[in-house]
>>> print(open('run.pdb').read())   # PDB, C-alpha atoms
MODEL        1
ATOM      1  CA  MET A 340      19.097 -57.191  38.107
ATOM      2  CA  THR A 341      17.043 -57.909  41.206
ATOM      3  CA  THR A 342      13.643 -59.484  40.653
ATOM      4  CA  THR A 343      11.918 -56.828  42.771
ATOM      5  CA  PRO A 344      12.780 -53.133  43.243
ATOM      6  CA  LEU A 345      15.072 -52.343  46.156
ATOM      7  CA  PRO A 346      12.751 -50.895  48.829
ATOM      8  CA  ARG A 347      13.223 -47.373  50.137
ATOM      9  CA  ARG A 348      12.441 -45.999  53.576
ATOM     10  CA  ARG A 349      12.042 -42.431  54.771
ATOM     11  CA  ILE A 350      14.878 -40.927  56.798
ATOM     12  CA  GLY A 351      13.066 -39.812  59.945
ATOM     13  CA  THR A 352      10.577 -37.068  59.142
ATOM     14  CA  SER A 353      12.694 -35.580  56.345
ATOM     15  CA  ASP A 354      11.760 -35.666  52.670
ATOM     16  CA  LEU A 355      14.589 -38.089  51.911
ATOM     17  CA  GLU A 356      13.985 -41.727  51.047
ATOM     18  CA  ALA A 357      16.949 -44.084  51.193
ATOM     19  CA  SER A 358      17.402 -47.536  49.741
ATOM     20  CA  VAL A 359      17.421 -50.244  52.419
ATOM     21  CA  LEU A 360      21.026 -50.993  51.459
ATOM     22  CA  SER A 361      23.562 -48.164  51.247
ATOM     23  CA  LEU A 362      27.180 -48.242  50.138
ATOM     24  CA  GLY A 363      30.036 -46.917  52.251
ATOM     25  CA  SER A 364      33.505 -45.724  51.399
ATOM     26  CA  TRP A 365      35.685 -46.081  54.518
ATOM     27  CA  HIS A 366      38.970 -47.506  53.170
ATOM     28  CA  THR A 367      37.222 -49.231  50.272
ATOM     29  CA  PHE A 368      37.662 -47.410  46.980
ATOM     30  CA  ASP A 369      41.333 -46.737  47.725
ATOM     31  CA  ARG A 370      41.828 -50.522  47.697
ATOM     32  CA  MET A 371      40.254 -51.066  44.268
ATOM     33  CA  ASP A 372      41.117 -50.773  40.612
ATOM     34  CA  PHE A 373      39.320 -47.634  39.435
ATOM     35  CA  ALA A 374      37.492 -49.288  36.525
ATOM     36  CA  ASP A 375      36.340 -52.112  38.818
ATOM     37  CA  ALA A 376      35.043 -49.563  41.325
ATOM     38  CA  VAL A 377      33.080 -47.731  38.627
ATOM     39  CA  ALA A 378      31.516 -51.000  37.441
ATOM     40  CA  MET A 379      30.626 -51.968  41.013
ATOM     41  CA  VAL A 380      28.993 -48.640  41.839
ATOM     42  CA  ARG A 381      27.185 -48.572  38.495
ATOM     43  CA  HIS A 382      25.744 -52.001  39.271
ATOM     44  CA  ALA A 383      24.647 -50.853  42.731
ATOM     45  CA  LEU A 384      22.900 -47.842  41.197
ATOM     46  CA  ASP A 385      21.199 -50.030  38.591
ATOM     47  CA  GLU A 386      19.910 -52.302  41.359
ATOM     48  CA  GLY A 387      18.395 -49.349  43.237
ATOM     49  CA  VAL A 388      21.046 -48.379  45.783
ATOM     50  CA  ASN A 389      20.669 -44.613  46.138
ATOM     51  CA  LEU A 390      22.510 -43.691  49.379
ATOM     52  CA  PHE A 391      26.304 -43.401  49.464
ATOM     53  CA  ASP A 392      28.228 -42.684  52.655
ATOM     54  CA  VAL A 393      31.423 -40.708  52.182
ATOM     55  CA  GLY A 394      33.734 -38.928  54.598
ATOM     56  CA  VAL A 395      37.128 -37.267  54.912
ATOM     57  CA  TYR A 396      38.919 -39.811  57.104
ATOM     58  CA  GLY A 397      42.548 -38.639  57.171
ATOM     59  CA  LEU A 398      44.093 -37.715  60.539
ATOM     60  CA  PRO A 399      46.950 -35.245  61.158
ATOM     61  CA  GLY A 400      50.253 -37.073  60.923
ATOM     62  CA  ALA A 401      48.701 -40.201  59.425
ATOM     63  CA  PRO A 402      49.128 -41.361  55.820
ATOM     64  CA  PRO A 403      46.722 -39.502  53.506
ATOM     65  CA  VAL A 404      43.475 -41.209  52.560
ATOM     66  CA  PHE A 405      41.843 -40.608  49.196
ATOM     67  CA  THR A 406      38.770 -42.839  49.247
ATOM     68  CA  ASP A 407      36.466 -39.796  49.254
ATOM     69  CA  VAL A 408      38.301 -38.187  46.331
ATOM     70  CA  LEU A 409      38.059 -41.452  44.431
ATOM     71  CA  TRP A 410      34.370 -41.749  45.271
ATOM     72  CA  GLY A 411      33.694 -38.388  43.629
ATOM     73  CA  ALA A 412      35.548 -39.452  40.497
ATOM     74  CA  ILE A 413      33.736 -42.801  40.485
ATOM     75  CA  MET A 414      30.320 -41.151  40.678
ATOM     76  CA  ARG A 415      31.185 -38.847  37.798
ATOM     77  CA  ALA A 416      32.434 -41.805  35.767
ATOM     78  CA  THR A 417      29.180 -43.707  36.291
ATOM     79  CA  GLY A 418      27.295 -40.865  34.627
ATOM     80  CA  ALA A 419      24.663 -40.922  37.379
ATOM     81  CA  PRO A 420      22.729 -37.624  37.557
ATOM     82  CA  ARG A 421      23.252 -35.884  40.899
ATOM     83  CA  ASP A 422      19.543 -35.954  41.696
ATOM     84  CA  SER A 423      19.450 -39.753  41.266
ATOM     85  CA  TYR A 424      21.359 -40.507  44.480
ATOM     86  CA  LEU A 425      21.829 -39.266  48.030
ATOM     87  CA  ALA A 426      25.257 -38.365  49.411
ATOM     88  CA  SER A 427      25.854 -38.739  53.147
ATOM     89  CA  VAL A 428      28.891 -36.801  54.439
ATOM     90  CA  LYS A 429      30.618 -37.209  57.814
ATOM     91  CA  LEU A 430      31.329 -34.176  60.007
ATOM     92  CA  TRP A 431      33.638 -34.440  62.994
ATOM     93  CA  ILE A 432      32.957 -32.853  66.386
ATOM     94  CA  GLU A 433      36.720 -32.605  66.928
ATOM     95  CA  GLY A 434      36.862 -30.038  64.114
ATOM     96  CA  PHE A 435      33.895 -27.940  65.242
ATOM     97  CA  GLY A 436      35.153 -24.436  66.000
ATOM     98  CA  ALA A 437      34.321 -20.746  65.728
ATOM     99  CA  ASP A 438      33.236 -21.177  62.107
ATOM    100  CA  GLY A 439      31.143 -24.232  62.885
ATOM    101  CA  PHE A 440      31.078 -27.123  60.445
ATOM    102  CA  ALA A 441      31.338 -24.954  57.324
ATOM    103  CA  PRO A 442      35.107 -25.422  56.807
ATOM    104  CA  GLN A 443      34.795 -29.202  57.069
ATOM    105  CA  LEU A 444      31.880 -29.224  54.664
ATOM    106  CA  LYS A 445      33.708 -26.969  52.206
ATOM    107  CA  ASN A 446      36.706 -29.322  52.288
ATOM    108  CA  ALA A 447      34.471 -32.364  51.772
ATOM    109  CA  PHE A 448      32.849 -30.679  48.778
ATOM    110  CA  LEU A 449      36.274 -29.818  47.337
ATOM    111  CA  ARG A 450      37.425 -33.432  47.658
ATOM    112  CA  THR A 451      34.252 -35.093  46.374
ATOM    113  CA  GLY A 452      32.960 -32.579  43.837
ATOM    114  CA  LEU A 453      29.649 -32.220  45.645
ATOM    115  CA  ASP A 454      27.863 -28.885  45.968
ATOM    116  CA  HIS A 455      25.549 -30.056  48.739
ATOM    117  CA  ALA A 456      25.116 -33.016  51.061
ATOM    118  CA  ASP A 457      21.739 -34.697  51.270
ATOM    119  CA  LEU A 458      22.625 -35.990  54.715
ATOM    120  CA  VAL A 459      25.419 -35.167  57.139
ATOM    121  CA  VAL A 460      26.269 -37.433  60.041
ATOM    122  CA  LEU A 461      28.065 -36.042  63.083
ATOM    123  CA  GLY A 462      30.894 -38.254  64.315
ATOM    124  CA  ASP A 463      31.198 -39.614  67.839
ATOM    125  CA  LEU A 464      30.736 -37.079  70.637
ATOM    126  CA  ARG A 465      34.191 -37.131  72.231
ATOM    127  CA  ARG A 466      34.340 -33.522  73.437
ATOM    128  CA  ASP A 467      32.692 -32.093  76.545
ATOM    129  CA  ASP A 468      33.351 -28.440  75.645
ATOM    130  CA  VAL A 469      30.858 -28.250  72.770
ATOM    131  CA  ARG A 470      27.340 -26.996  73.480
ATOM    132  CA  LEU A 471      24.616 -29.048  71.831
ATOM    133  CA  GLU A 472      22.742 -25.791  71.184
ATOM    134  CA  ASP A 473      25.650 -24.557  69.050
ATOM    135  CA  LEU A 474      25.602 -27.736  66.983
ATOM    136  CA  VAL A 475      21.870 -27.447  66.346
ATOM    137  CA  ASP A 476      22.130 -23.767  65.435
ATOM    138  CA  ASP A 477      25.025 -24.341  63.056
ATOM    139  CA  LEU A 478      23.300 -27.212  61.276
ATOM    140  CA  ALA A 479      20.118 -25.172  60.991
ATOM    141  CA  GLY A 480      22.124 -22.468  59.226
ATOM    142  CA  LEU A 481      23.680 -24.958  56.817
ATOM    143  CA  THR A 482      20.192 -26.267  56.060
ATOM    144  CA  ARG A 483      18.852 -22.765  55.396
ATOM    145  CA  ASP A 484      21.781 -22.119  53.064
ATOM    146  CA  GLY A 485      20.923 -25.229  51.036
ATOM    147  CA  LEU A 486      24.228 -26.945  51.823
ATOM    148  CA  ILE A 487      22.600 -29.878  53.640
ATOM    149  CA  ARG A 488      19.111 -31.367  53.554
ATOM    150  CA  ALA A 489      19.042 -33.452  56.749
ATOM    151  CA  TRP A 490      21.396 -34.517  59.519
ATOM    152  CA  GLY A 491      22.036 -37.315  61.949
ATOM    153  CA  VAL A 492      24.616 -38.629  64.396
ATOM    154  CA  ASN A 493      27.040 -41.519  64.679
ATOM    155  CA  ASN A 494      27.072 -43.674  67.833
ATOM    156  CA  TRP A 495      25.617 -41.023  70.171
ATOM    157  CA  SER A 496      23.776 -41.917  73.354
ATOM    158  CA  ALA A 497      20.002 -41.937  73.365
ATOM    159  CA  SER A 498      19.911 -39.168  75.987
ATOM    160  CA  ASN A 499      22.121 -36.849  73.928
ATOM    161  CA  ILE A 500      20.014 -37.493  70.825
ATOM    162  CA  ARG A 501      16.901 -36.701  72.824
ATOM    163  CA  ALA A 502      18.543 -33.473  73.990
ATOM    164  CA  LEU A 503      19.325 -32.502  70.389
ATOM    165  CA  ARG A 504      15.731 -33.165  69.381
ATOM    166  CA  ARG A 505      14.408 -31.090  72.269
ATOM    167  CA  ILE A 506      16.680 -28.140  71.450
ATOM    168  CA  ALA A 507      15.707 -28.272  67.777
ATOM    169  CA  ALA A 508      12.005 -28.375  68.647
ATOM    170  CA  GLU A 509      12.374 -25.363  70.946
ATOM    171  CA  ARG A 510      14.091 -23.419  68.152
ATOM    172  CA  GLY A 511      11.671 -24.564  65.463
ATOM    173  CA  VAL A 512      14.423 -26.028  63.290
ATOM    174  CA  PRO A 513      15.019 -29.567  61.989
ATOM    175  CA  GLY A 514      16.622 -31.928  64.488
ATOM    176  CA  PRO A 515      18.544 -35.150  63.938
ATOM    177  CA  GLN A 516      16.682 -37.655  61.796
ATOM    178  CA  ILE A 517      18.820 -40.775  62.046
ATOM    179  CA  ALA A 518      21.568 -42.430  64.069
ATOM    180  CA  GLN A 519      24.289 -44.475  62.454
ATOM    181  CA  LEU A 520      24.773 -47.261  65.009
ATOM    182  CA  LYS A 521      26.906 -50.357  65.217
ATOM    183  CA  TYR A 522      24.381 -53.129  64.662
ATOM    184  CA  SER A 523      24.928 -56.774  63.893
ATOM    185  CA  LEU A 524      23.675 -60.182  64.955
ATOM    186  CA  ALA A 525      26.504 -60.141  67.537
ATOM    187  CA  ARG A 526      26.568 -56.452  68.576
ATOM    188  CA  ARG A 527      23.022 -55.248  69.174
ATOM    189  CA  ALA A 528      22.528 -54.174  72.800
ATOM    190  CA  ILE A 529      22.239 -50.455  72.004
ATOM    191  CA  PRO A 530      19.834 -50.464  69.008
ATOM    192  CA  ASP A 531      17.710 -53.225  70.575
ATOM    193  CA  GLY A 532      17.623 -51.561  74.003
ATOM    194  CA  GLU A 533      14.744 -49.631  75.549
ATOM    195  CA  PRO A 534      16.295 -46.112  75.328
ATOM    196  CA  PHE A 535      16.573 -46.295  71.553
ATOM    197  CA  ALA A 536      13.275 -48.142  71.212
ATOM    198  CA  GLU A 537      11.586 -45.038  72.640
ATOM    199  CA  LEU A 538      13.309 -42.825  70.064
ATOM    200  CA  PHE A 539      12.415 -45.178  67.235
ATOM    201  CA  ALA A 540       8.770 -45.139  68.345
ATOM    202  CA  GLU A 541       8.798 -41.370  67.773
ATOM    203  CA  GLY A 542       9.845 -41.767  64.139
ATOM    204  CA  PHE A 543      13.598 -41.471  64.620
ATOM    205  CA  GLY A 544      15.554 -43.750  62.285
ATOM    206  CA  MET A 545      18.652 -45.931  62.325
ATOM    207  CA  GLN A 546      21.365 -46.690  59.819
ATOM    208  CA  ALA A 547      22.963 -50.033  60.688
ATOM    209  CA  SER A 548      26.745 -49.928  60.328
ATOM    210  CA  ASP A 549      29.694 -52.231  61.006
ATOM    211  CA  VAL A 550      27.269 -55.048  60.274
ATOM    212  CA  LEU A 551      29.968 -57.594  59.365
ATOM    213  CA  GLU A 552      32.355 -56.563  62.172
ATOM    214  CA  GLY A 553      35.104 -55.787  59.676
ATOM    215  CA  GLY A 554      34.448 -59.022  57.796
ATOM    216  CA  ILE A 555      34.605 -61.306  60.848
ATOM    217  CA  LEU A 556      30.927 -62.256  60.580
ATOM    218  CA  ALA A 557      31.489 -63.071  56.915
ATOM    219  CA  GLY A 558      34.052 -65.655  57.998
ATOM    220  CA  ARG A 559      37.270 -63.609  57.826
ATOM    221  CA  THR A 560      38.301 -64.028  61.463
ATOM    222  CA  THR A 561      41.647 -62.249  61.068
ATOM    223  CA  PRO A 562      40.897 -59.067  59.100
ATOM    224  CA  GLY A 563      43.921 -57.642  57.356
ATOM    225  CA  ARG A 564      42.793 -54.023  57.644
ATOM    226  CA  GLU A 565      41.708 -51.488  60.233
ATOM    227  CA  ILE A 566      38.217 -52.103  61.619
ATOM    228  CA  GLY A 567      35.951 -50.198  63.982
ATOM    229  CA  ARG A 568      36.073 -49.801  67.755
ATOM    230  CA  ASP A 569      35.137 -52.698  70.049
ATOM    231  CA  PRO A 570      32.667 -51.466  72.712
ATOM    232  CA  GLY A 571      32.473 -53.975  75.557
ATOM    233  CA  ALA A 572      35.652 -55.740  74.367
ATOM    234  CA  ILE A 573      33.594 -58.537  72.819
ATOM    235  CA  ARG A 574      35.504 -59.083  69.583
ATOM    236  CA  ASP A 575      36.994 -62.398  70.712
ATOM    237  CA  ALA A 576      33.496 -63.560  71.617
ATOM    238  CA  ILE A 577      32.294 -62.542  68.159
ATOM    239  CA  VAL A 578      35.083 -64.530  66.530
ATOM    240  CA  ALA A 579      33.960 -67.524  68.582
ATOM    241  CA  THR A 580      30.461 -67.303  67.020
ATOM    242  CA  VAL A 581      31.693 -67.564  63.430
ATOM    243  CA  ALA A 582      31.487 -71.350  63.251
ATOM    244  CA  GLY A 583      27.880 -71.307  64.463
ATOM    245  CA  VAL A 584      26.929 -68.454  62.133
ATOM    246  CA  THR A 585      28.479 -70.324  59.215
ATOM    247  CA  GLU A 586      26.625 -73.518  60.125
ATOM    248  CA  LEU A 587      23.282 -71.704  60.357
ATOM    249  CA  ALA A 588      23.898 -69.957  57.045
ATOM    250  CA  GLY A 589      24.513 -73.334  55.434
ATOM    251  CA  LYS A 590      21.240 -74.702  56.784
ATOM    252  CA  LEU A 591      19.405 -71.685  55.375
ATOM    253  CA  GLY A 592      21.081 -72.018  51.986
ATOM    254  CA  THR A 593      22.822 -68.674  52.227
ATOM    255  CA  THR A 594      26.212 -67.188  53.115
ATOM    256  CA  PRO A 595      27.310 -65.850  56.506
ATOM    257  CA  ALA A 596      27.513 -62.326  55.051
ATOM    258  CA  GLN A 597      23.980 -62.502  53.662
ATOM    259  CA  LEU A 598      22.711 -63.829  56.986
ATOM    260  CA  ALA A 599      24.377 -60.989  58.903
ATOM    261  CA  ILE A 600      23.020 -58.332  56.561
ATOM    262  CA  ALA A 601      19.555 -59.892  56.499
ATOM    263  CA  PHE A 602      19.423 -59.718  60.300
ATOM    264  CA  THR A 603      19.935 -55.940  60.245
ATOM    265  CA  LEU A 604      17.170 -55.551  57.663
ATOM    266  CA  SER A 605      14.763 -57.217  60.111
ATOM    267  CA  HIS A 606      14.866 -54.277  62.544
ATOM    268  CA  PRO A 607      11.701 -52.199  61.993
ATOM    269  CA  ALA A 608      13.447 -48.853  62.628
ATOM    270  CA  ASN A 609      16.420 -49.574  60.383
ATOM    271  CA  VAL A 610      16.116 -47.211  57.432
ATOM    272  CA  THR A 611      19.183 -48.531  55.656
ATOM    273  CA  THR A 612      22.061 -50.941  56.218
ATOM    274  CA  LEU A 613      25.466 -49.530  55.362
ATOM    275  CA  VAL A 614      27.831 -52.009  53.740
ATOM    276  CA  GLY A 615      31.265 -51.679  52.251
ATOM    277  CA  ALA A 616      32.399 -53.600  49.213
ATOM    278  CA  THR A 617      35.548 -53.902  47.140
ATOM    279  CA  ARG A 618      34.224 -56.401  44.595
ATOM    280  CA  LEU A 619      31.179 -56.487  42.352
ATOM    281  CA  GLU A 620      30.357 -59.971  43.618
ATOM    282  CA  GLN A 621      30.111 -58.618  47.169
ATOM    283  CA  VAL A 622      27.454 -56.123  46.074
ATOM    284  CA  ARG A 623      25.531 -58.896  44.352
ATOM    285  CA  GLN A 624      25.676 -61.055  47.487
ATOM    286  CA  ASN A 625      24.663 -58.156  49.725
ATOM    287  CA  LEU A 626      21.585 -57.563  47.612
ATOM    288  CA  GLY A 627      20.717 -61.233  48.033
ATOM    289  CA  ALA A 628      20.125 -60.653  51.736
ATOM    290  CA  LEU A 629      16.724 -59.160  50.953
ATOM    291  CA  GLU A 630      15.525 -62.431  49.472
ATOM    292  CA  LEU A 631      16.631 -64.253  52.620
ATOM    293  CA  VAL A 632      14.462 -61.960  54.779
ATOM    294  CA  ARG A 633      11.492 -62.567  52.489
ATOM    295  CA  ARG A 634      12.044 -66.323  52.473
ATOM    296  CA  VAL A 635      12.669 -66.901  56.189
ATOM    297  CA  GLY A 636      10.703 -64.007  57.709
ATOM    298  CA  ALA A 637      12.039 -61.257  59.951
ATOM    299  CA  ASP A 638      10.797 -62.705  63.244
ATOM    300  CA  GLU A 639      12.090 -66.207  62.521
ATOM    301  CA  LEU A 640      15.421 -64.804  61.400
ATOM    302  CA  ARG A 641      15.836 -62.849  64.631
ATOM    303  CA  SER A 642      14.988 -65.933  66.652
ATOM    304  CA  LEU A 643      17.486 -68.117  64.815
ATOM    305  CA  VAL A 644      20.433 -65.761  65.373
ATOM    306  CA  ASP A 645      19.634 -64.946  69.004
ATOM    307  CA  PRO A 646      22.356 -67.316  70.344
ATOM    308  CA  PHE A 647      25.010 -65.191  68.627
ATOM    309  CA  TRP A 648      24.170 -61.973  70.531
ATOM    310  CA  CYS A 649      27.500 -61.206  72.258
ATOM    311  CA  ASP A 650      27.052 -57.827  73.983
ATOM    312  CA  ARG A 651      23.793 -58.586  75.794
ATOM    313  CA  GLY A 652      24.189 -57.475  79.416
ATOM    314  CA  ILE A 653      27.684 -56.134  78.695
ATOM    315  CA  VAL A 654      27.106 -52.874  76.806
ATOM    316  CA  ASP A 655      24.785 -50.201  78.230
ATOM    317  CA  PRO A 656      21.705 -49.882  75.936
ATOM    318  CA  GLU A 657      21.771 -46.126  76.534
ATOM    319  CA  GLY A 658      24.816 -45.934  74.311
ATOM    320  CA  PRO A 659      28.134 -44.072  74.590
TER     321      PRO A 659
ENDMDL
END
>>> encode(input="run.pdb", output="C-alpha cells")
Amino acid sequence: MTTTPLPRRRIGTSDLEASVLSLGSWHTFDRMDFADAVAMVRHALDEGVNLFDVGVYGLPGAPPVFTDVLWGAIMRATGAPRDSYLASVKLWIEGFGADGFAPQLKNAFLRTGLDHADLVVLGDLRRDDVRLEDLVDDLAGLTRDGLIRAWGVNNWSASNIRALRRIAAERGVPGPQIAQLKYSLARRAIPDGEPFAELFAEGFGMQASDVLEGGILAGRTTPGREIGRDPGAIRDAIVATVAGVTELAGKLGTTPAQLAIAFTLSHPANVTTLVGATRLEQVRQNLGALELVRRVGADELRSLVDPFWCDRGIVDPEGP
C-alpha cells in the first residue's frame, strides 16, 4: 500500500472527485491474462485509484476489440461496489446522428455492464457538419435522464471548448468540465500554451493522456503496438530524447516512466493522469511517481525536464 492516500481533485465544477492517477483500457485488458488483470485492478483500487477510462474502440471492417467488455467483467470480479469508482466512457462525434449519443451510450452500457457513466468524453472533433449547440443539448438531456454525471472532450481546440462553455451557460445547463489532452514532458505545447491557460484559470480541468508516448518515454523506442497520433510529426525527436530522459531518471533515483508521469502531475490544472498498464508492477511503479514529485518538487521537476520539450514552437497552442 502507499504510505499516503492517493490525492483526489475535483473535475471542473462538477461534484466528481478523481484520483490523480486514473487507469485506461485502450488495447490493454485484451492483452492480459484475466486473473492477472483482476489482481492489477484490485491493487489499483486498494491504492486509491477511482477513475477508469473505458471506450468502445472497434472500427467497421477492423478486427473486433473486447477490452471494454473485459473491463466490465474485471470490475465485477474485483467485487468493487459501483459507487466506489468513477467510469469514464468515450463517445464519438463520428457516430452522432438523429438520435444523438444515446445509441452509443446504450451500446457502451451493454458491453461494460454499466447503467450510467460518471463522465463521458467526446472524441476528436473531425466533422464540420455537427452543430455545437446540438451536442450541448443532447448531453444536457443525458444528464437530466441520469445516464451521465459530467462530460468533457478529447483533444479539442481551446476556442471550440470555449464555445461549448458559452452555449451551455446561455442554456443554463452543465458545460464541459475537462479536456483529455496529450501531455508529456516531450509533447506539451497545447496544455502549456496561453489559450488553455485561460481556460484552466476559469476552473476548467485537464486529464493528461498519452503521457508515455506509447511507451517510448519509458524506454521502449520501438513500440510493438498501435499508439496515438503524432501532431507536429515529432515522434522521431521524442525517440531522440530517450537517452537523456533515462540519464536524468538515473540521477534522480527513479525510472523514466516514473519521471514522465511525475512531470504530468506537476501541472496545476491536471486533475488526473491517465495511464495504461498490463502488469501489476507497472501500476506499482506508476504510483511511485507521486513520491518523486514530493521529493524533487513540482517546479524543480519541470525545470529539469525542460530540455526534452519537443513540440515547442511546432504545434499551435490553440490545439486542433
>>> resolve_selection(input="run.pdb", expression="the PyMOL selection byres ((chain A and resi 548) around 6)", output="list in words")
Leu520, Lys521, Tyr522, Ala547, Asp549, Val550 and Leu613 of chain A
>>> resolve_selection(input="run.pdb", expression="the PyMOL selection byres ((chain A and resi 658) around 12)", output="PyMOL selection string")
chain A and resi 463-464+493-500+518-521+527-535+570-571+653-657+659
>>> resolve_selection(input="run.pdb", expression="the PyMOL selection byres ((chain A and resi 354) around 12)", output="PyMOL selection string")
chain A and resi 348-353+355-357+425+457-458+488-490+513+516
>>> closest_residue(input="run.pdb", among="A:Gly627, A:Gly452, A:Gly615, A:Gly400", to="Met414 (chain A)", atoms="all atoms listed in the file")
A:Gly452
>>> closest_residue(input="run.pdb", among="A:Met545, A:Ala383, A:Ala637, A:Val512", to="Gln624 (chain A)", atoms="all atoms listed in the file")
A:Ala383
>>> closest_residue(input="run.pdb", among="A:Leu345, A:Leu619, A:Ala456, A:Leu598", to="Asp372 (chain A)", atoms="only C-alpha atoms")
A:Leu619
>>> residues_around(input="run.pdb", residues="Ala507 (chain A)", least_positions_apart="4", cutoff="9 Å", atoms="all atoms listed in the file", output="VMD selection string")
chain A and resid 472 475 to 476 479 502 to 503 511 to 515
>>> write_last_selection(input="run.pdb", atoms="C-alpha atoms", output="PDB file, keeping the file's coordinate frame")
ATOM      1  CA  GLU A 472      22.742 -25.791  71.184  1.00  0.00           C
ATOM      2  CA  VAL A 475      21.870 -27.447  66.346  1.00  0.00           C
ATOM      3  CA  ASP A 476      22.130 -23.767  65.435  1.00  0.00           C
ATOM      4  CA  ALA A 479      20.118 -25.172  60.991  1.00  0.00           C
ATOM      5  CA  ALA A 502      18.543 -33.473  73.990  1.00  0.00           C
ATOM      6  CA  LEU A 503      19.325 -32.502  70.389  1.00  0.00           C
ATOM      7  CA  GLY A 511      11.671 -24.564  65.463  1.00  0.00           C
ATOM      8  CA  VAL A 512      14.423 -26.028  63.290  1.00  0.00           C
ATOM      9  CA  PRO A 513      15.019 -29.567  61.989  1.00  0.00           C
ATOM     10  CA  GLY A 514      16.622 -31.928  64.488  1.00  0.00           C
ATOM     11  CA  PRO A 515      18.544 -35.150  63.938  1.00  0.00           C
TER      12      PRO A 515
END
>>> closest_residue(input="run.pdb", among="A:Pro344, A:Gly558, A:Gly583, A:Pro646", to="Ala596 (chain A)", atoms="all atoms listed in the file")
A:Gly558
>>> closest_residue(input="run.pdb", among="A:Arg504, A:Arg526, A:Lys429, A:Arg559", to="Asp392 (chain A)", atoms="all atoms listed in the file")
A:Lys429
>>> residues_around(input="run.pdb", residues="Val622 (chain A)", least_positions_apart="3", cutoff="9 Å", atoms="all atoms listed in the file", output="JSON, numbers by chain")
{"A": [362, 379, 380, 382, 383, 614, 615, 616, 617, 618, 619, 625, 626, 627]}
